[in-house]
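Visitor: My questions all concern the structure below.
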Amino acid sequence: MLAIENGSSATASFVGDRQPRCLTYKVRIDYYSSLIMDPSRLKLGSKRPNSQKLELLTIPEHGHDRSFSNGVSGSMNIGFRNISYTVKEGLLFKRKPRKILDDISGEFSGGELTAIMGPSGSGKTMLMNVLAGYTTDGATGDKLVNEVIRNENNFRRRSCYIMQNDDLQPLLTVHEAMTIAADLKMVSKKDKITRVKELIVSMGLWEHRKTRTNSLSGGQRKRLSIALELLKNPQVMFFDEPTSGLDSLSSKQCVLLLKQMALSGRTIICSIHQPSATLFQMFDHLYVLGEGKCLYQGSVKGMLPYLEALSLKCPTYHNPADFLLEVASGEYGNYIPMLRNKSDNGKNQAWKKNHRNTIQMESLDHLGNLMQNGLLTPIHAPPILLPKTPSCDTSLESHQCCQGSYPTSSFHQFSVLLKRTFLILTRDRTLAYSRMLTHTLIAVFLGILYFGIGADASNMLNNFNFMFFTVMFLMMTAFNCITTTFPLELPIITREHFNKWYSLKSYFLAVSFADIPAQMTATLVYSLVTYFLTGQPMESYRLGLFIGMCMLISLFAQSFGLFIGATMDIKNGVILGPFGFLPFIIFSGFFVQLNSAHPYIRWIFHISFAKYGFEGLLLSILGYDRPKLPCNADYCHYNYPEKFLAEMDMDVAKYSSAVMFLLGSSVVLRIIAYFALSVNIKSNRKRR
Ligand SMILES: Nc1ncnc2c1ncn2[C@@H]1O[C@H](COP(=O)(O)OP(=O)(O)OP(=O)(O)O)[C@@H](O)[C@H]1O
């Protein structure tokens with residue numbers, strides 16, 4: 001319940017099961033604060049939420065007095081001491097270290113909106129990466145929460161990092177994306193439904209809930225990215241350039257949302273490149289970087305007096321943010337060493353305490369007016385939901401609390417991800433239809449080309465060629481289907497996995513299984529059509545062996561595709577991948593037979609999956625005492641299938657060996673692919 005006296009400051013208390021403690025805020029009544037305090041005021045399903053009267057904005061009267069941030073139970077102040085980040089540059093043996101962040105310190109308080117600013121290349125993204133825990137290799141120094149060295153695992157459970165590129169699943173609608181995220185992060189079914197609706201409405205996405213994410217505008221994508229993370233209810237949120245690519249109105253709306261989230265008690269930290277004067281005023285705290293050093297840490301209001309003390313006066317009518325960037329870029333001379341010393345490389349808190357910003361109501365009022373006039377979609381931050389477990393709340397950094405790394409069990413994650421991947425695969429028409437179409441068309445074409453050859457001894461060599469083509473075709477299609485789709489997911493997986501939605505193991509298992517049915521159906525169609533049209537023996541066990549071997553070849557190629565997709569991007573995968581298996585094709589027994597090869601290289605035959613696949617197919621058609629074939633020509637050299645197999649050095653081959661090799665190597669390849677994926681994701685994080 002909230003008791004507010006209209007038009008004046010008042011004391012308000014939260015009492016409810018979502019707020020375990022009674023909190024006291026000082027509030028100023030304004031147009032839209034009820035959006036923060038009471039999300040239910042926006043009716044679900046209302047066609048135009050902006051037609052609602054936007055009434056109140058809850059703002060601490062004295063801007064950000066310490067009591068606000070520290071008064072909110074569970075509020076997290078993010079500190080860092082002597083943070084350095086070094087990369088190695090140069091060629092293999094001439095690699096030299098280069099310092100990107102140089103021994104910087106600072107503190108960002110809970111309940112405040114902090115901007116990390118600086119010229120391009122000054123290290124903003126790197127600082128965000130290090131503070132969010134996204135980049136660990138090469139970083140040194142202490143990271144703190146409420147002045148205690150933080151436990152990374154616990155911290156990551158209560159924080160999130162929203163990167164510059166909003167990598168969303170393009171084939172899911174807003175509602176589906178939110179529901180799947182809720183399934184992964186929340187346990188109670190009732191809570192999930194309510195929270196998903198509440199967040200979609202509060203982020204102004206209700207009208208777009210059935211829109212696919214690839215059709216959303218930049219601002220809507222950003223809001224969806226935020227909504228997806230808010231399901232976890234993080235207390236600390238990092239944003240890398242949240243306004244990049246957005247127009248001025250959407251940027252304002254986005255920063256307003258960040259501001260609201262800060263006002264609800266969260267710690268909001270974002271890097272920002274060149275904000276307009278209005279946006280700049282909306283930040284509470286400023287952290288300025290130049291050449292990896294801290295040039296200023298303090299309130300936005302205090303920034304100009306701070307620079308004036310060094311005779312750096314902002315010209316009249318000049319955007320203070322532009323002026324700041326000009327100073328940091330050295331346009332007025334090299335002030336970096338002086339500013340670094342003045343701020344004590346981030347340790348000097350004087351400007352934070354003495355020049356605390358009072359909120360610029362004009363800019364917020366302006367946004368309120370835009371919302372009231374229907375020019376801006378009303379959005380609001382849902383209230384922070386504090387953890388129900390007291391031990392998690394009070395001893396946040398304790399190693400005992402919040403033991404499990406993920407909100408749901410591995411099996412649950414696997415089943416949700418499997419469902420999601422199936423849904424995406426069915427929506428991916430190009431992949432689903434083209435795969436089925438290719439297999440059917442090629443099968444019909446081959447059937448016509450090799451019509452009835454299987455029952456004629458004079459066509460034994462043609463049948464041999466058909467079997468080899470089958471190996472090649474199944475290998476290439478299954479391989480390409482996975483190599484060209486899997487790497488596209490990498491940025492999405494990196495973000496979701498980092499933000500603790502699910503374990504990599506669950507994801508990999510789901511993606512490994514999800515593509516199997518579609519590929520196997522296409523393979524089944526291919527093998528049935530070709531088997532009958534090419535006139536292979538009408539014996540059910542031979543048909544079974546043939547289909548089984550075709551499926552194993554596809555399975556192996558899929559596993560190989562997964563391995564390539566997990567290790568390299570699409571371009572490299574498509575170019576280099578085939579080089580991985582082409583040498584084995586030479587040793588399949590088609591071009592050169594085992595006994596004809598040089599003894600030194602015969603061993604390669606025994607590790608050639610193409611040989612096993614090819615042998616398996618030939619054995620299923622010609623092996624197992626197949627009787628003499630009728631000859632429809634004057635002379636047939638290969639009347640006896642056994643004689644043909646002996647000439648191809650396949651008389652001692654076993655179908656069971658082919659099954660074991662292809663099955664075993666598929667499993668081994670998938671295990672290697674899993675480890676390759678986890679290494680790739682880690683190095684992907686380093687590259688960013
Ligand atoms: N892996 C890396 N190897 C070498 N240099 C790197 C690496 N990662 C980052 N850098 C360098 O570190 C510096 C800081 O990069 P960062 O992305 O943090 O800059 P930024 O301030 O966010 O810039 P922008 O505003 O342009 O995004 C840049 O000069 C960049 O070239």
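Simple scheme: letters A, B, ... for chains in structure tokens order, numbers from 1 for residues in each chain, numbers from 1 for ligands in the order shown.
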List all protein, DNA and RNA residues that have an atom no more than 7 Å from any atom of ligand 1, counting only C-alpha atoms and all ligand atoms, and report them as an MDAnalysis selection string.
Guide: chainID A and resid 87:89 100 118:127 273 686:688
Visitor: Near Val288 in chain A, within 8 Å and counting only C-alpha atoms, which residues show up once chain neighbours fewer than 2 positions away are dropped, as JSON, numbers by chain?
Guide: {"A": [116, 117, 118, 286, 290, 294, 295, 296, 297]}
Visitor: How would the residues just picked look written out with C-alpha atoms as a PDB file, in the first residue's frame?
Guide:
ATOM      1  CA  ILE A 116      30.643   5.327 -17.733  1.00  0.00           C
ATOM      2  CA  MET A 117      31.822   7.869 -20.281  1.00  0.00           C
ATOM      3  CA  GLY A 118      34.959   8.504 -22.263  1.00  0.00           C
ATOM      4  CA  LEU A 286      29.446   9.769 -13.716  1.00  0.00           C
ATOM      5  CA  GLY A 290      40.517   8.483 -20.672  1.00  0.00           C
ATOM      6  CA  CYS A 294      39.818   7.519 -14.269  1.00  0.00           C
ATOM      7  CA  LEU A 295      39.485  11.232 -15.016  1.00  0.00           C
ATOM      8  CA  TYR A 296      36.434  11.967 -12.888  1.00  0.00           C
ATOM      9  CA  GLN A 297      34.145  10.165 -10.540  1.00  0.00           C
TER      10      GLN A 297
END
Visitor: Can you pull out every residue within 10 Å of range 333-346 of chain A, counting only C-alpha atoms, but drop anything in the same chain fewer than 5 positions away, and send it as a ChimeraX atom specification?
Guide: /A:80-82,102-107,287-298,306-307,310,312,326-328,351
Visitor: Pick the closest to Leu279 in chain A from A:Leu263, A:Val300, A:Met472, A:Met660: which is it, counting only C-alpha atoms?
Guide: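 Closest candidate: A:Val300.
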Visitor: So how far away is CA of Thr534 in chain A from CA of Gly454 in chain A, in Å?
Guide: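 Distance reported for this atom pair: 5.7 Å.
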Visitor: For Leu172 in chain A, please output as a PyMOL selection string all residues within 7 Å (counting only C-alpha atoms; exclusion window: fewer than 4 positions along the same chain).
Guide: chain A and resi 176-177+212-213
Visitor: DSSP on the backbone: what in range 479-680 of chain A comes out alpha helix (DSSP H), as a ChimeraX atom specification?
Guide: /A:479-483,490-498,504-533,540-567,570-586,603-606,609-622,641-647,655-680
Visitor: Go ahead and save the picked residues with C-alpha atoms, as a short mmCIF file (atom, residue, chain, number, x, y, z; two decimals), in the first residue's frame.
Guide:
data_model
loop_
_atom_site.label_atom_id
_atom_site.label_comp_id
_atom_site.auth_asym_id
_atom_site.auth_seq_id
_atom_site.Cartn_x
_atom_site.Cartn_y
_atom_site.Cartn_z
CA PHE A 479 26.95 -31.49 -42.45
CA ASN A 480 25.89 -28.25 -44.17
CA CYS A 481 22.51 -28.03 -42.44
CA ILE A 482 24.11 -27.87 -39.01
CA THR A 483 27.29 -25.93 -39.89
CA LEU A 490 26.62 -18.44 -30.61
CA PRO A 491 26.13 -14.77 -29.58
CA ILE A 492 22.70 -15.64 -28.13
CA ILE A 493 24.05 -18.60 -26.20
CA THR A 494 26.99 -16.55 -24.94
CA ARG A 495 24.65 -13.92 -23.51
CA GLU A 496 22.07 -16.32 -22.08
CA HIS A 497 24.66 -18.64 -20.60
CA PHE A 498 26.60 -15.74 -19.09
CA LEU A 504 26.05 -25.11 -21.48
CA LYS A 505 25.60 -28.84 -20.98
CA SER A 506 21.79 -28.57 -21.11
CA TYR A 507 21.94 -26.33 -24.15
CA PHE A 508 24.32 -28.59 -26.02
CA LEU A 509 22.31 -31.70 -25.28
CA ALA A 510 19.15 -29.99 -26.48
CA VAL A 511 20.69 -28.72 -29.68
CA SER A 512 22.32 -32.12 -30.31
CA PHE A 513 19.00 -33.92 -30.08
CA ALA A 514 16.73 -31.31 -31.64
CA ASP A 515 18.03 -31.55 -35.20
CA ILE A 516 18.07 -35.35 -35.30
CA PRO A 517 14.36 -35.95 -36.12
CA ALA A 518 14.30 -33.51 -39.05
CA GLN A 519 17.53 -34.87 -40.54
CA MET A 520 16.45 -38.47 -40.04
CA THR A 521 13.06 -37.86 -41.67
CA ALA A 522 14.76 -36.37 -44.72
CA THR A 523 17.21 -39.29 -44.79
CA LEU A 524 14.34 -41.78 -44.51
CA VAL A 525 12.56 -40.19 -47.49
CA TYR A 526 15.78 -40.29 -49.52
CA SER A 527 16.57 -43.91 -48.70
CA LEU A 528 13.03 -45.21 -49.32
CA VAL A 529 12.64 -43.43 -52.67
CA THR A 530 16.06 -44.45 -53.98
CA TYR A 531 15.84 -48.00 -52.66
CA PHE A 532 12.65 -48.76 -54.52
CA LEU A 533 13.35 -46.79 -57.70
CA SER A 540 12.71 -56.16 -45.50
CA TYR A 541 15.90 -56.85 -43.54
CA ARG A 542 18.06 -55.50 -46.40
CA LEU A 543 15.82 -52.42 -46.59
CA GLY A 544 16.20 -52.02 -42.81
CA LEU A 545 19.99 -52.34 -43.01
CA PHE A 546 20.15 -49.85 -45.88
CA ILE A 547 17.99 -47.25 -44.09
CA GLY A 548 19.89 -47.81 -40.82
CA MET A 549 23.25 -47.23 -42.52
CA CYS A 550 21.98 -44.09 -44.30
CA MET A 551 20.84 -42.74 -40.94
CA LEU A 552 24.15 -43.52 -39.28
CA ILE A 553 26.01 -41.70 -42.07
CA SER A 554 23.74 -38.67 -41.53
CA LEU A 555 24.21 -38.86 -37.78
CA PHE A 556 27.96 -38.93 -38.14
CA ALA A 557 27.91 -35.98 -40.57
CA GLN A 558 25.67 -34.05 -38.16
CA SER A 559 28.12 -34.68 -35.33
CA PHE A 560 30.98 -33.54 -37.52
CA GLY A 561 28.94 -30.44 -38.45
CA LEU A 562 28.31 -29.73 -34.76
CA PHE A 563 32.02 -29.98 -34.08
CA ILE A 564 32.87 -27.60 -36.95
CA GLY A 565 30.01 -25.25 -35.99
CA ALA A 566 31.20 -25.18 -32.40
CA THR A 567 34.76 -24.34 -33.38
CA ILE A 570 29.93 -20.13 -40.87
CA LYS A 571 32.38 -18.81 -43.45
CA ASN A 572 35.32 -20.82 -42.14
CA GLY A 573 33.10 -23.82 -41.44
CA VAL A 574 31.78 -24.01 -44.97
CA ILE A 575 35.26 -23.56 -46.47
CA LEU A 576 37.40 -25.55 -44.05
CA GLY A 577 34.85 -28.13 -42.89
CA PRO A 578 34.82 -30.19 -46.12
CA PHE A 579 38.63 -30.26 -46.00
CA GLY A 580 38.21 -32.09 -42.74
CA PHE A 581 36.42 -35.02 -44.29
CA LEU A 582 37.46 -35.00 -47.95
CA PRO A 583 40.74 -36.87 -47.28
CA PHE A 584 38.72 -39.65 -45.69
CA ILE A 585 36.58 -39.89 -48.83
CA ILE A 586 39.73 -40.85 -50.78
CA TRP A 603 45.84 -47.56 -41.69
CA ILE A 604 43.94 -44.49 -42.90
CA PHE A 605 41.30 -46.81 -44.34
CA HIS A 606 40.65 -48.09 -40.84
CA PHE A 609 34.25 -43.05 -41.66
CA ALA A 610 33.51 -42.91 -45.43
CA LYS A 611 34.89 -46.44 -45.79
CA TYR A 612 32.65 -47.75 -43.00
CA GLY A 613 29.57 -46.00 -44.39
CA PHE A 614 30.28 -47.19 -47.93
CA GLU A 615 30.95 -50.76 -46.80
CA GLY A 616 27.79 -50.75 -44.68
CA LEU A 617 25.65 -49.73 -47.65
CA LEU A 618 27.22 -52.31 -50.00
CA LEU A 619 26.92 -55.08 -47.43
CA SER A 620 23.27 -54.34 -46.84
CA ILE A 621 22.58 -54.75 -50.58
CA LEU A 622 25.15 -57.34 -51.68
CA PRO A 641 27.69 -60.28 -55.35
CA GLU A 642 30.26 -62.01 -53.12
CA LYS A 643 32.81 -61.98 -55.95
CA PHE A 644 32.22 -58.28 -56.46
CA LEU A 645 32.70 -57.57 -52.75
CA ALA A 646 35.92 -59.61 -52.77
CA GLU A 647 37.27 -57.62 -55.72
CA TYR A 655 28.15 -54.36 -40.99
CA SER A 656 28.44 -54.39 -37.20
CA SER A 657 31.92 -52.79 -37.39
CA ALA A 658 30.47 -49.99 -39.50
CA VAL A 659 27.66 -49.45 -36.98
CA MET A 660 30.07 -49.39 -34.06
CA PHE A 661 32.52 -47.06 -35.77
CA LEU A 662 29.92 -44.54 -36.97
CA LEU A 663 27.94 -44.59 -33.73
CA GLY A 664 31.02 -44.45 -31.52
CA SER A 665 32.69 -41.67 -33.48
CA SER A 666 29.41 -39.68 -33.51
CA VAL A 667 29.31 -39.79 -29.71
CA VAL A 668 33.02 -38.91 -29.41
CA LEU A 669 32.66 -36.04 -31.91
CA ARG A 670 29.71 -34.63 -29.97
CA ILE A 671 31.66 -34.75 -26.72
CA ILE A 672 34.59 -32.97 -28.38
CA ALA A 673 32.13 -30.48 -29.91
CA TYR A 674 30.78 -29.69 -26.42
CA PHE A 675 34.25 -28.87 -25.10
CA ALA A 676 35.04 -26.92 -28.27
CA LEU A 677 31.86 -24.91 -27.75
CA SER A 678 32.74 -24.04 -24.17
CA VAL A 679 36.25 -22.93 -25.25
CA ASN A 680 34.77 -20.95 -28.15
#
Visitor: Would you mind reading off the distance between CA of Ala309 in chain A and CA of Pro275 in chain A, one decimal, in Å?
Guide: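 About the pair CA of Ala309 in chain A and CA of Pro275 in chain A: they are 23.5 Å apart.
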